[in-house]
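To be precise, the following lines are start_3.cif, and they hold mmCIF, C-alpha atoms.
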```cif
data_final
#
loop_
_atom_site.group_PDB
_atom_site.id
_atom_site.type_symbol
_atom_site.label_atom_id
_atom_site.label_comp_id
_atom_site.auth_asym_id
_atom_site.auth_seq_id
_atom_site.Cartn_x
_atom_site.Cartn_y
_atom_site.Cartn_z
ATOM 1 C CA MET O 1 116.588 108.969 56.518
ATOM 2 C CA ALA O 2 113.837 111.459 57.223
ATOM 3 C CA ALA O 3 111.858 111.129 60.439
ATOM 4 C CA PRO O 4 108.375 109.580 60.025
ATOM 5 C CA PRO O 5 105.468 112.050 59.795
ATOM 6 C CA GLY O 6 104.462 113.223 63.217
ATOM 7 C CA PHE O 7 107.552 111.735 64.887
ATOM 8 C CA LEU O 8 109.041 115.094 65.875
ATOM 9 C CA ALA O 9 105.670 116.343 67.115
ATOM 10 C CA ARG O 10 105.217 113.250 69.299
ATOM 11 C CA ALA O 11 108.770 113.531 70.610
ATOM 12 C CA GLU O 12 108.264 117.210 71.434
ATOM 13 C CA ALA O 13 104.969 116.502 73.202
ATOM 14 C CA ARG O 14 106.558 113.702 75.207
ATOM 15 C CA TYR O 15 109.469 115.969 76.176
ATOM 16 C CA SER O 16 107.060 118.719 77.249
ATOM 17 C CA ASN O 17 104.993 116.257 79.298
ATOM 18 C CA ASN O 18 108.126 114.945 81.010
ATOM 19 C CA VAL O 19 109.298 118.464 81.861
ATOM 20 C CA LEU O 20 105.872 119.335 83.280
ATOM 21 C CA GLY O 21 105.759 115.997 85.131
ATOM 22 C CA ILE O 22 109.135 116.712 86.730
ATOM 23 C CA ALA O 23 107.951 120.196 87.733
ATOM 24 C CA TYR O 24 104.825 118.715 89.329
ATOM 25 C CA MET O 25 106.960 116.191 91.220
ATOM 26 C CA VAL O 26 109.174 118.953 92.610
ATOM 27 C CA VAL O 27 106.066 120.885 93.722
ATOM 28 C CA SER O 28 104.789 117.687 95.352
ATOM 29 C CA VAL O 29 108.077 117.236 97.178
ATOM 30 C CA ILE O 30 107.937 120.834 98.460
ATOM 31 C CA PHE O 31 104.451 120.274 99.903
ATOM 32 C CA LEU O 32 105.516 116.986 101.547
ATOM 33 C CA ALA O 33 108.610 118.639 103.009
ATOM 34 C CA ALA O 34 106.334 121.386 104.345
ATOM 35 C CA VAL O 35 104.183 118.715 106.034
ATOM 36 C CA ASP O 36 107.256 117.289 107.774
ATOM 37 C CA THR O 37 108.314 120.766 108.899
ATOM 38 C CA VAL O 38 104.931 121.657 110.373
ATOM 39 C CA VAL O 39 104.740 118.271 112.147
ATOM 40 C CA LYS O 40 107.989 119.045 113.982
ATOM 41 C CA ILE O 41 106.775 122.560 114.861
ATOM 42 C CA VAL O 42 103.424 121.363 116.239
ATOM 43 C CA ALA O 43 105.030 118.517 118.183
ATOM 44 C CA ARG O 44 107.408 121.025 119.812
ATOM 45 C CA ASP O 45 104.805 123.685 120.605
ATOM 46 C CA ALA O 46 105.866 125.121 123.939
ATOM 47 C CA ALA O 47 102.305 126.010 124.940
ATOM 48 C CA ALA O 48 100.718 122.625 124.156
ATOM 49 C CA PRO O 49 102.916 120.056 122.397
ATOM 50 C CA ILE O 50 100.818 117.649 120.328
ATOM 51 C CA HIS O 51 101.659 113.943 120.315
ATOM 52 C CA PRO O 52 102.520 112.532 116.852
ATOM 53 C CA VAL O 53 99.600 110.080 117.044
ATOM 54 C CA GLU O 54 97.178 112.977 117.524
ATOM 55 C CA ILE O 55 98.837 114.889 114.680
ATOM 56 C CA VAL O 56 98.168 111.908 112.402
ATOM 57 C CA PHE O 57 94.483 111.976 113.385
ATOM 58 C CA PHE O 58 94.094 115.672 112.583
ATOM 59 C CA ARG O 59 96.058 115.293 109.339
ATOM 60 C CA ASN O 60 93.590 112.645 108.155
ATOM 61 C CA LEU O 61 90.498 114.384 109.540
ATOM 62 C CA PHE O 62 91.302 117.640 107.753
ATOM 63 C CA GLY O 63 92.320 115.676 104.664
ATOM 64 C CA LEU O 64 88.908 113.995 104.680
ATOM 65 C CA VAL O 65 87.214 117.395 104.993
ATOM 66 C CA ALA O 66 89.306 118.813 102.140
ATOM 67 C CA LEU O 67 88.370 115.887 99.890
ATOM 68 C CA ALA O 68 84.641 116.044 100.760
ATOM 69 C CA PRO O 69 83.661 118.100 97.657
ATOM 70 C CA TYR O 70 85.426 115.559 95.431
ATOM 71 C CA PHE O 71 83.690 112.658 97.159
ATOM 72 C CA LEU O 72 80.288 114.384 96.905
ATOM 73 C CA ARG O 73 80.727 114.850 93.148
ATOM 74 C CA THR O 74 81.597 111.179 92.764
ATOM 75 C CA GLY O 75 78.256 109.969 94.109
ATOM 76 C CA LEU O 76 77.498 106.869 96.161
ATOM 77 C CA GLY O 77 77.900 104.594 93.157
ATOM 78 C CA GLY O 78 81.621 105.351 93.026
ATOM 79 C CA PHE O 79 82.162 103.928 96.514
ATOM 80 C CA LYS O 80 80.722 100.473 95.912
ATOM 81 C CA THR O 81 83.047 97.692 97.017
ATOM 82 C CA GLU O 82 82.933 94.044 97.931
ATOM 83 C CA ARG O 83 86.308 94.249 99.688
ATOM 84 C CA LEU O 84 85.564 96.476 102.677
ATOM 85 C CA GLY O 85 87.712 94.292 104.945
ATOM 86 C CA PHE O 86 90.620 94.653 102.550
ATOM 87 C CA HIS O 87 90.211 98.434 102.614
ATOM 88 C CA ALA O 88 90.204 98.303 106.425
ATOM 89 C CA LEU O 89 93.402 96.218 106.376
ATOM 90 C CA ARG O 90 95.083 98.756 104.136
ATOM 91 C CA GLY O 91 93.928 101.562 106.421
ATOM 92 C CA ALA O 92 95.407 99.786 109.444
ATOM 93 C CA VAL O 93 98.726 99.127 107.718
ATOM 94 C CA HIS O 94 98.927 102.678 106.389
ATOM 95 C CA SER O 95 98.100 104.049 109.848
ATOM 96 C CA VAL O 96 101.060 102.200 111.319
ATOM 97 C CA GLY O 97 103.290 103.630 108.603
ATOM 98 C CA MET O 98 102.037 107.208 108.998
ATOM 99 C CA ILE O 99 102.181 107.188 112.800
ATOM 100 C CA SER O 100 105.700 105.750 112.667
ATOM 101 C CA TRP O 101 106.766 108.464 110.209
ATOM 102 C CA PHE O 102 105.330 111.395 112.166
ATOM 103 C CA TRP O 103 106.763 109.996 115.397
ATOM 104 C CA ALA O 104 110.161 109.529 113.781
ATOM 105 C CA LEU O 105 110.196 113.176 112.698
ATOM 106 C CA THR O 106 110.182 114.196 116.370
ATOM 107 C CA LEU O 107 113.123 111.912 117.183
ATOM 108 C CA THR O 108 115.551 112.329 114.283
ATOM 109 C CA THR O 109 116.663 114.914 111.753
ATOM 110 C CA LEU O 110 114.630 115.630 108.643
ATOM 111 C CA ALA O 111 117.544 114.625 106.416
ATOM 112 C CA ASP O 112 118.102 111.274 108.158
ATOM 113 C CA ALA O 113 114.395 110.455 108.104
ATOM 114 C CA THR O 114 114.047 111.434 104.436
ATOM 115 C CA ALA O 115 117.127 109.460 103.374
ATOM 116 C CA LEU O 116 115.927 106.254 105.038
ATOM 117 C CA SER O 117 112.399 106.743 103.669
ATOM 118 C CA PHE O 118 113.858 106.204 100.178
ATOM 119 C CA MET O 119 113.871 102.490 101.060
ATOM 120 C CA MET O 120 110.087 102.361 100.554
ATOM 121 C CA PRO O 121 110.123 101.409 96.834
ATOM 122 C CA ILE O 122 112.761 98.798 97.595
ATOM 123 C CA PHE O 123 110.578 97.228 100.302
ATOM 124 C CA ALA O 124 107.622 97.368 97.890
ATOM 125 C CA THR O 125 109.640 95.513 95.245
ATOM 126 C CA MET O 126 110.641 92.835 97.758
ATOM 127 C CA GLY O 127 107.009 92.431 98.841
ATOM 128 C CA ALA O 128 105.825 92.167 95.242
ATOM 129 C CA ILE O 129 108.340 89.379 94.572
ATOM 130 C CA LEU O 130 107.813 87.470 97.827
ATOM 131 C CA PHE O 131 104.049 87.826 98.309
ATOM 132 C CA MET O 132 102.448 88.791 94.987
ATOM 133 C CA GLY O 133 104.241 86.410 92.667
ATOM 134 C CA GLU O 134 105.945 89.045 90.530
ATOM 135 C CA PRO O 135 109.028 87.904 88.562
ATOM 136 C CA SER O 136 112.216 87.469 90.592
ATOM 137 C CA ARG O 137 114.647 89.023 88.124
ATOM 138 C CA ARG O 138 118.339 89.597 88.706
ATOM 139 C CA ASN O 139 118.116 93.352 88.102
ATOM 140 C CA ARG O 140 115.527 93.682 90.884
ATOM 141 C CA TRP O 141 117.665 91.869 93.439
ATOM 142 C CA LEU O 142 120.711 93.899 92.387
ATOM 143 C CA ALA O 143 118.808 97.143 93.016
ATOM 144 C CA ILE O 144 117.639 95.791 96.380
ATOM 145 C CA ALA O 145 121.200 94.839 97.361
ATOM 146 C CA ILE O 146 122.587 98.271 96.375
ATOM 147 C CA SER O 147 119.892 100.057 98.369
ATOM 148 C CA PHE O 148 120.475 97.904 101.445
ATOM 149 C CA VAL O 149 124.157 98.853 101.333
ATOM 150 C CA GLY O 150 123.073 102.501 101.352
ATOM 151 C CA MET O 151 120.778 101.870 104.316
ATOM 152 C CA LEU O 152 123.629 100.238 106.251
ATOM 153 C CA ILE O 153 125.900 103.212 105.488
ATOM 154 C CA ILE O 154 123.317 105.547 107.067
ATOM 155 C CA LEU O 155 122.636 103.318 110.078
ATOM 156 C CA ARG O 156 126.264 102.141 110.493
ATOM 157 C CA PRO O 157 125.412 99.243 112.824
ATOM 158 C CA GLY O 158 128.314 98.384 115.075
ATOM 159 C CA VAL O 159 129.621 101.951 114.954
ATOM 160 C CA GLY O 160 126.693 103.577 116.709
ATOM 161 C CA ALA O 161 123.438 102.370 118.195
ATOM 162 C CA ILE O 162 120.472 102.296 115.810
ATOM 163 C CA THR O 163 118.191 105.003 117.155
ATOM 164 C CA ALA O 164 114.473 104.734 117.796
ATOM 165 C CA GLY O 165 113.927 107.411 115.145
ATOM 166 C CA SER O 166 115.729 105.367 112.479
ATOM 167 C CA ALA O 167 113.808 102.226 113.431
ATOM 168 C CA LEU O 168 110.513 104.112 113.166
ATOM 169 C CA VAL O 169 111.422 105.469 109.728
ATOM 170 C CA LEU O 170 112.127 101.939 108.474
ATOM 171 C CA LEU O 171 108.854 100.736 109.999
ATOM 172 C CA SER O 172 107.035 103.565 108.222
ATOM 173 C CA ALA O 173 108.707 102.584 104.935
ATOM 174 C CA VAL O 174 107.546 98.984 105.396
ATOM 175 C CA GLY O 175 104.025 100.211 106.200
ATOM 176 C CA ALA O 176 103.930 102.493 103.153
ATOM 177 C CA ALA O 177 105.267 99.721 100.901
ATOM 178 C CA SER O 178 102.654 97.281 102.220
ATOM 179 C CA SER O 179 99.910 99.858 101.656
ATOM 180 C CA LYS O 180 101.135 100.351 98.085
ATOM 181 C CA LEU O 181 100.929 96.612 97.380
ATOM 182 C CA LEU O 182 97.433 96.412 98.891
ATOM 183 C CA MET O 183 96.391 99.365 96.728
ATOM 184 C CA LYS O 184 97.671 97.544 93.661
ATOM 185 C CA SER O 185 95.409 94.620 94.510
ATOM 186 C CA LEU O 186 92.415 96.893 95.198
ATOM 187 C CA SER O 187 92.908 98.786 91.922
ATOM 188 C CA ARG O 188 91.985 95.606 90.030
ATOM 189 C CA THR O 189 88.441 95.633 91.406
ATOM 190 C CA ASP O 190 87.602 99.058 92.864
ATOM 191 C CA SER O 191 87.457 102.603 91.510
ATOM 192 C CA VAL O 192 90.017 105.300 92.337
ATOM 193 C CA PRO O 193 87.469 107.400 94.324
ATOM 194 C CA ALA O 194 86.559 104.319 96.395
ATOM 195 C CA ILE O 195 90.205 103.503 97.118
ATOM 196 C CA LEU O 196 90.954 107.096 98.129
ATOM 197 C CA PHE O 197 87.797 107.495 100.245
ATOM 198 C CA TYR O 198 88.164 104.272 102.226
ATOM 199 C CA LEU O 199 91.859 104.885 102.852
ATOM 200 C CA THR O 200 91.209 108.386 104.215
ATOM 201 C CA PHE O 201 88.171 107.216 106.201
ATOM 202 C CA PHE O 202 89.924 104.278 107.861
ATOM 203 C CA LEU O 203 93.053 106.334 108.499
ATOM 204 C CA THR O 204 90.920 108.843 110.397
ATOM 205 C CA ILE O 205 89.206 106.121 112.457
ATOM 206 C CA PHE O 206 92.340 104.096 113.215
ATOM 207 C CA SER O 207 94.388 107.146 114.190
ATOM 208 C CA PHE O 208 91.636 108.555 116.424
ATOM 209 C CA VAL O 209 91.510 105.514 118.742
ATOM 210 C CA PRO O 210 95.150 105.692 119.970
ATOM 211 C CA SER O 211 95.114 109.506 119.966
ATOM 212 C CA VAL O 212 92.506 109.442 122.763
ATOM 213 C CA PHE O 213 95.153 108.118 125.154
ATOM 214 C CA VAL O 214 97.608 110.949 124.435
ATOM 215 C CA TRP O 215 95.103 113.718 123.733
ATOM 216 C CA THR O 216 96.050 117.356 124.212
ATOM 217 C CA TRP O 217 93.630 120.092 123.195
ATOM 218 C CA PRO O 218 95.481 122.118 120.542
ATOM 219 C CA THR O 219 95.808 125.873 120.804
ATOM 220 C CA PRO O 220 94.206 127.945 117.996
ATOM 221 C CA GLN O 221 97.656 128.359 116.448
ATOM 222 C CA SER O 222 98.331 124.614 116.571
ATOM 223 C CA LEU O 223 94.883 123.887 115.152
ATOM 224 C CA ALA O 224 95.625 126.146 112.181
ATOM 225 C CA LEU O 225 98.946 124.396 111.635
ATOM 226 C CA LEU O 226 97.259 120.988 111.852
ATOM 227 C CA PHE O 227 94.817 122.145 109.175
ATOM 228 C CA LEU O 228 97.801 123.110 107.006
ATOM 229 C CA ILE O 229 99.265 119.619 107.459
ATOM 230 C CA GLY O 230 96.071 118.116 106.072
ATOM 231 C CA ILE O 231 95.924 120.521 103.120
ATOM 232 C CA PHE O 232 99.645 120.247 102.301
ATOM 233 C CA GLY O 233 99.442 116.454 102.475
ATOM 234 C CA ILE O 234 96.530 116.298 100.035
ATOM 235 C CA LEU O 235 98.187 118.762 97.645
ATOM 236 C CA GLY O 236 101.466 116.848 97.777
ATOM 237 C CA HIS O 237 99.810 113.589 96.769
ATOM 238 C CA LEU O 238 97.661 115.281 94.114
ATOM 239 C CA PHE O 239 100.688 116.843 92.413
ATOM 240 C CA MET O 240 102.504 113.501 92.616
ATOM 241 C CA THR O 241 99.541 111.778 90.926
ATOM 242 C CA TRP O 242 99.467 114.403 88.157
ATOM 243 C CA SER O 243 103.221 114.048 87.770
ATOM 244 C CA PHE O 244 103.046 110.311 87.103
ATOM 245 C CA ARG O 245 100.022 110.773 84.851
ATOM 246 C CA LEU O 246 101.878 113.258 82.642
ATOM 247 C CA GLY O 247 105.472 112.050 82.497
ATOM 248 C CA ASP O 248 107.373 108.820 82.049
ATOM 249 C CA VAL O 249 108.235 107.079 85.313
ATOM 250 C CA THR O 250 111.937 107.064 84.388
ATOM 251 C CA ALA O 251 111.851 110.848 83.979
ATOM 252 C CA VAL O 252 109.622 111.719 86.924
ATOM 253 C CA GLU O 253 110.700 109.304 89.677
ATOM 254 C CA PRO O 254 114.270 110.670 90.111
ATOM 255 C CA ALA O 255 112.843 114.138 90.811
ATOM 256 C CA TYR O 256 111.306 112.734 94.010
ATOM 257 C CA PHE O 257 114.783 112.391 95.486
ATOM 258 C CA THR O 258 115.124 116.185 95.562
ATOM 259 C CA ARG O 259 113.110 115.832 98.756
ATOM 260 C CA LEU O 260 116.402 115.229 100.581
ATOM 261 C CA ILE O 261 117.695 118.623 99.438
ATOM 262 C CA PHE O 262 114.647 120.421 100.805
ATOM 263 C CA ALA O 263 114.755 118.344 104.020
ATOM 264 C CA ALA O 264 118.413 119.208 104.610
ATOM 265 C CA ILE O 265 117.837 122.936 103.986
ATOM 266 C CA ILE O 266 114.705 123.120 106.143
ATOM 267 C CA GLY O 267 116.294 121.064 108.910
ATOM 268 C CA TYR O 268 119.324 123.356 109.042
ATOM 269 C CA VAL O 269 117.419 126.662 108.797
ATOM 270 C CA PHE O 270 114.489 125.913 111.126
ATOM 271 C CA PHE O 271 115.894 123.302 113.529
ATOM 272 C CA THR O 272 119.704 123.763 113.297
ATOM 273 C CA GLU O 273 120.074 120.105 112.258
ATOM 274 C CA ALA O 274 123.384 118.973 110.793
ATOM 275 C CA PRO O 275 123.336 115.257 109.930
ATOM 276 C CA PRO O 276 126.671 113.431 109.458
ATOM 277 C CA ILE O 277 128.189 113.020 106.002
ATOM 278 C CA TRP O 278 127.221 109.329 106.076
ATOM 279 C CA THR O 279 123.572 110.328 105.709
ATOM 280 C CA TYR O 280 124.274 111.836 102.311
ATOM 281 C CA VAL O 281 126.644 109.079 101.206
ATOM 282 C CA GLY O 282 124.119 106.397 102.144
ATOM 283 C CA SER O 283 121.207 108.241 100.557
ATOM 284 C CA ALA O 284 123.205 108.583 97.325
ATOM 285 C CA VAL O 285 123.692 104.807 97.271
ATOM 286 C CA ILE O 286 119.958 104.217 97.943
ATOM 287 C CA VAL O 287 119.059 106.644 95.145
ATOM 288 C CA LEU O 288 121.437 104.768 92.842
ATOM 289 C CA GLY O 289 119.699 101.479 93.657
ATOM 290 C CA SER O 290 116.233 102.975 93.200
ATOM 291 C CA ALA O 291 117.187 104.677 89.925
ATOM 292 C CA TRP O 292 118.639 101.409 88.660
ATOM 293 C CA LEU O 293 115.379 99.670 89.551
ATOM 294 C CA VAL O 294 113.203 102.258 87.792
ATOM 295 C CA ARG O 295 115.256 102.236 84.589
ATOM 296 C CA SER O 296 115.617 98.462 84.449
ATOM 297 C CA GLU O 297 111.859 98.044 84.967
ATOM 298 C CA ALA O 298 111.223 100.509 82.133
ATOM 299 C CA ARG O 299 113.529 98.529 79.853
ATOM 300 C CA GLU O 300 111.718 95.292 80.731
ATOM 301 C CA ALA O 301 108.351 96.928 80.023
ATOM 302 C CA ARG O 302 109.519 98.171 76.616
ATOM 303 C CA ARG O 303 110.956 94.750 75.786
ATOM 304 C CA ALA O 304 107.689 93.061 76.754
ATOM 305 C CA LEU O 305 105.721 95.544 74.631
ATOM 306 C CA LEU O 306 107.890 94.908 71.577
ATOM 307 C CA THR O 307 107.550 91.146 71.879
ATOM 308 C CA THR O 308 103.758 91.350 72.063
ATOM 309 C CA GLN O 309 103.380 93.620 69.036
ATOM 310 C CA LYS O 310 102.354 91.815 65.894
ATOM 311 C CA PRO O 311 104.512 92.306 62.792
ATOM 312 C CA LEU O 312 102.951 94.285 59.986
#
```
As structure tokens, how would this structure be written, given the file I've shared?
Amino acid sequence: MAAPPGFLARAEARYSNNVLGIAYMVVSVIFLAAVDTVVKIVARDAAAPIHPVEIVFFRNLFGLVALAPYFLRTGLGGFKTERLGFHALRGAVHSVGMISWFWALTLTTLADATALSFMMPIFATMGAILFMGEPSRRNRWLAIAISFVGMLIILRPGVGAITAGSALVLLSAVGAASSKLLMKSLSRTDSVPAILFYLTFFLTIFSFVPSVFVWTWPTPQSLALLFLIGIFGILGHLFMTWSFRLGDVTAVEPAYFTRLIFAAIIGYVFFTEAPPIWTYVGSAVIVLGSAWLVRSEAREARRALLTTQKPL
């Protein structure tokens, strides 16, 4: 049977979009890995080491400056909201997650931190089921269980003490997952520019307050590196947004896990870090659980779409 008219063209376009989406995701991962690298360098500056809380403040301040032209083009009408308190709550939660992550980077290896951070979508799924009333399907709980096994392989409780760095990474994953769920709620009522502006604004305010208590004036070199953190962070999230906009989630999402490869290489080359084999075994199990979740959710979405389509 011959393919329907236009079928091959649509398939080719979809394939091309997926390939480009994967490429954008890899570029995003490289920028985010660069952020993590520069954070460790600035925190270890022999001349004037910068506390992770202060690094978070500068990351958000420079990110706000970098986004200013975009916000100016949007106009004041794009920032209207009746949920300012909800935006502030998200900013507070996200601040906890970001501070925990930057602090963890100074206490553990890049590979360990990256591997445990893969628990974020799993925590987000749990939160969506428990607090947002999303369906409690068997495939979701199976993915959660698989990923928790991977987390336990990395942490190995009972074999070694769970470090402060590992605990902070998990706290950052919970914070990021909570922020993602709050964003989902805000996206139903507010515009994308408003969501992005208020997050960046409140992150800057909430990270400045605690940074006052650990403040160290950065050297010109550190200030330049802090500016790079802000720019790299914005670029990483922009490329990730474009990636999801272009490609299918099932094609694009797995490319995010290449972040562990870059983290392991950078950690070894720049900081002589050599995590144990259990880090990679556990991260592989977490990736398996996350990949299972993504693909099963895609199947459910397709099934729901087919059932809602009217017969010709």
Between O:Thr163, O:Thr74, O:Thr106, O:Thr81, smallest distance to Ala43 in chain O by all atoms listed in the file belongs to O:Thr106
Could you write out as a PyMOL selection string the residues that the PyMOL selection byres ((chain O and resi 195) around 10) matches in the shown file?
chain O and resi 78-79+81+87+90+183+186-187+189-194+196-200
Suppose you want the space between CA of Phe58 in chain O and CA of Tyr70 in chain O; what is it in Å?
19.2 Å
Between CA of Val209 in chain O and CA of Leu67 in chain O lies a distance of 21.7 Å
Once the PyMOL selection byres ((chain O and resi 135-142) around 8) has been evaluated on this model, what residues remain selected, and can you format them as a VMD selection string?
chain O and resid 125 129 133 to 134 143 to 146 289 293 296
The PyMOL selection byres ((chain O and resi 170) around 12) - which residues does that actually catch in the file I just gave you? List them as a PyMOL selection string.
chain O and resi 96-98+100-101+103-104+112-123+148+151-152+154-155+162-169+171-177
As an exercise, work out the distance from CA of Leu235 in chain O to CA of Val65 in chain O in Å and give it to one decimal place.
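About the pair CA of Leu235 in chain O and CA of Val65 in chain O: they are 13.3 Å apart.
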Residue among O:Ala291, O:Leu72, O:Asp36, O:Phe271 lying closest to Phe257 in chain O, counting all atoms listed in the file
O:Ala291
As AutoDock Vina command-line options, please: the centre and edge lengths in Å, to one decimal, of an axis-aligned box enclosing every listed atom of range 109-121 of chain O with 6 Å added on each side.
```
--center_x 114.1 --center_y 108.5 --center_z 104.3 --size_x 20.0 --size_y 26.2 --size_z 26.9
```
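Remark: for Val19 in chain O, the closest of the candidate residues O:Ile286, O:Ile266, O:Ala251, O:Val294 is O:Ala251 (distances computed over only C-alpha atoms).
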At most 12 Å from (93.7, 124.2, 110.1), file frame, all atoms listed in the file: which residues, as a PyMOL selection string?
chain O and resi 38+42+55+58-63+65-66+218-232
When you count only C-alpha atoms, which of these residues is closest to Ala111 in chain O: O:Gly267, O:Gly127, O:Gly282, O:Gly236?
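That would be O:Gly267, the residue with the smallest distance to Ala111 in chain O.
Minimum atom-to-atom distance to Gly233 in chain O, evaluated using all atoms listed in the file, belongs to O:Ser28 out of O:Pro210, O:Ser16, O:Ser28, O:Leu182.
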Selected residue of minimal separation from His51 in chain O among O:Leu181, O:Ile153, O:Ala264, O:Val212, counting all atoms listed in the file
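Smallest separation from His51 in chain O among the options: O:Val212.
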Selected range 87-127 of chain O, written as a CSV table (one decimal), in the first residue's frame, C-alpha atoms:
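This went into result_5.csv:
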```
chain,number,residue,atom,x,y,z
O,87,HIS,CA,5.4,33.8,41.9
O,88,ALA,CA,7.2,34.8,45.1
O,89,LEU,CA,6.6,31.3,46.5
O,90,ARG,CA,8.1,29.8,43.4
O,91,GLY,CA,11.1,32.1,43.6
O,92,ALA,CA,11.7,31.1,47.3
O,93,VAL,CA,11.4,27.4,46.5
O,94,HIS,CA,13.7,27.7,43.4
O,95,SER,CA,16.2,29.7,45.5
O,96,VAL,CA,16.5,26.8,47.9
O,97,GLY,CA,17.0,24.4,45.1
O,98,MET,CA,19.6,26.6,43.3
O,99,ILE,CA,21.6,27.4,46.5
O,100,SER,CA,21.6,23.7,47.5
O,101,TRP,CA,22.9,22.8,44.0
O,102,PHE,CA,25.7,25.3,43.9
O,103,TRP,CA,26.7,24.5,47.5
O,104,ALA,CA,26.7,20.8,46.7
O,105,LEU,CA,29.0,21.3,43.8
O,106,THR,CA,31.7,22.5,46.3
O,107,LEU,CA,31.3,19.4,48.4
O,108,THR,CA,31.0,16.5,46.0
O,109,THR,CA,32.2,15.5,42.6
O,110,LEU,CA,30.5,16.8,39.4
O,111,ALA,CA,29.6,13.2,38.4
O,112,ASP,CA,28.0,12.3,41.7
O,113,ALA,CA,26.0,15.6,41.8
O,114,THR,CA,24.9,15.2,38.2
O,115,ALA,CA,23.8,11.6,38.7
O,116,LEU,CA,21.7,12.3,41.7
O,117,SER,CA,20.2,15.4,40.0
O,118,PHE,CA,18.5,13.0,37.5
O,119,MET,CA,16.0,12.3,40.3
O,120,MET,CA,14.4,15.7,39.7
O,121,PRO,CA,11.8,14.5,37.1
O,122,ILE,CA,11.0,11.6,39.4
O,123,PHE,CA,10.3,13.9,42.3
O,124,ALA,CA,8.2,16.1,40.0
O,125,THR,CA,6.1,13.1,39.0
O,126,MET,CA,5.6,12.1,42.6
O,127,GLY,CA,4.5,15.7,43.5
```
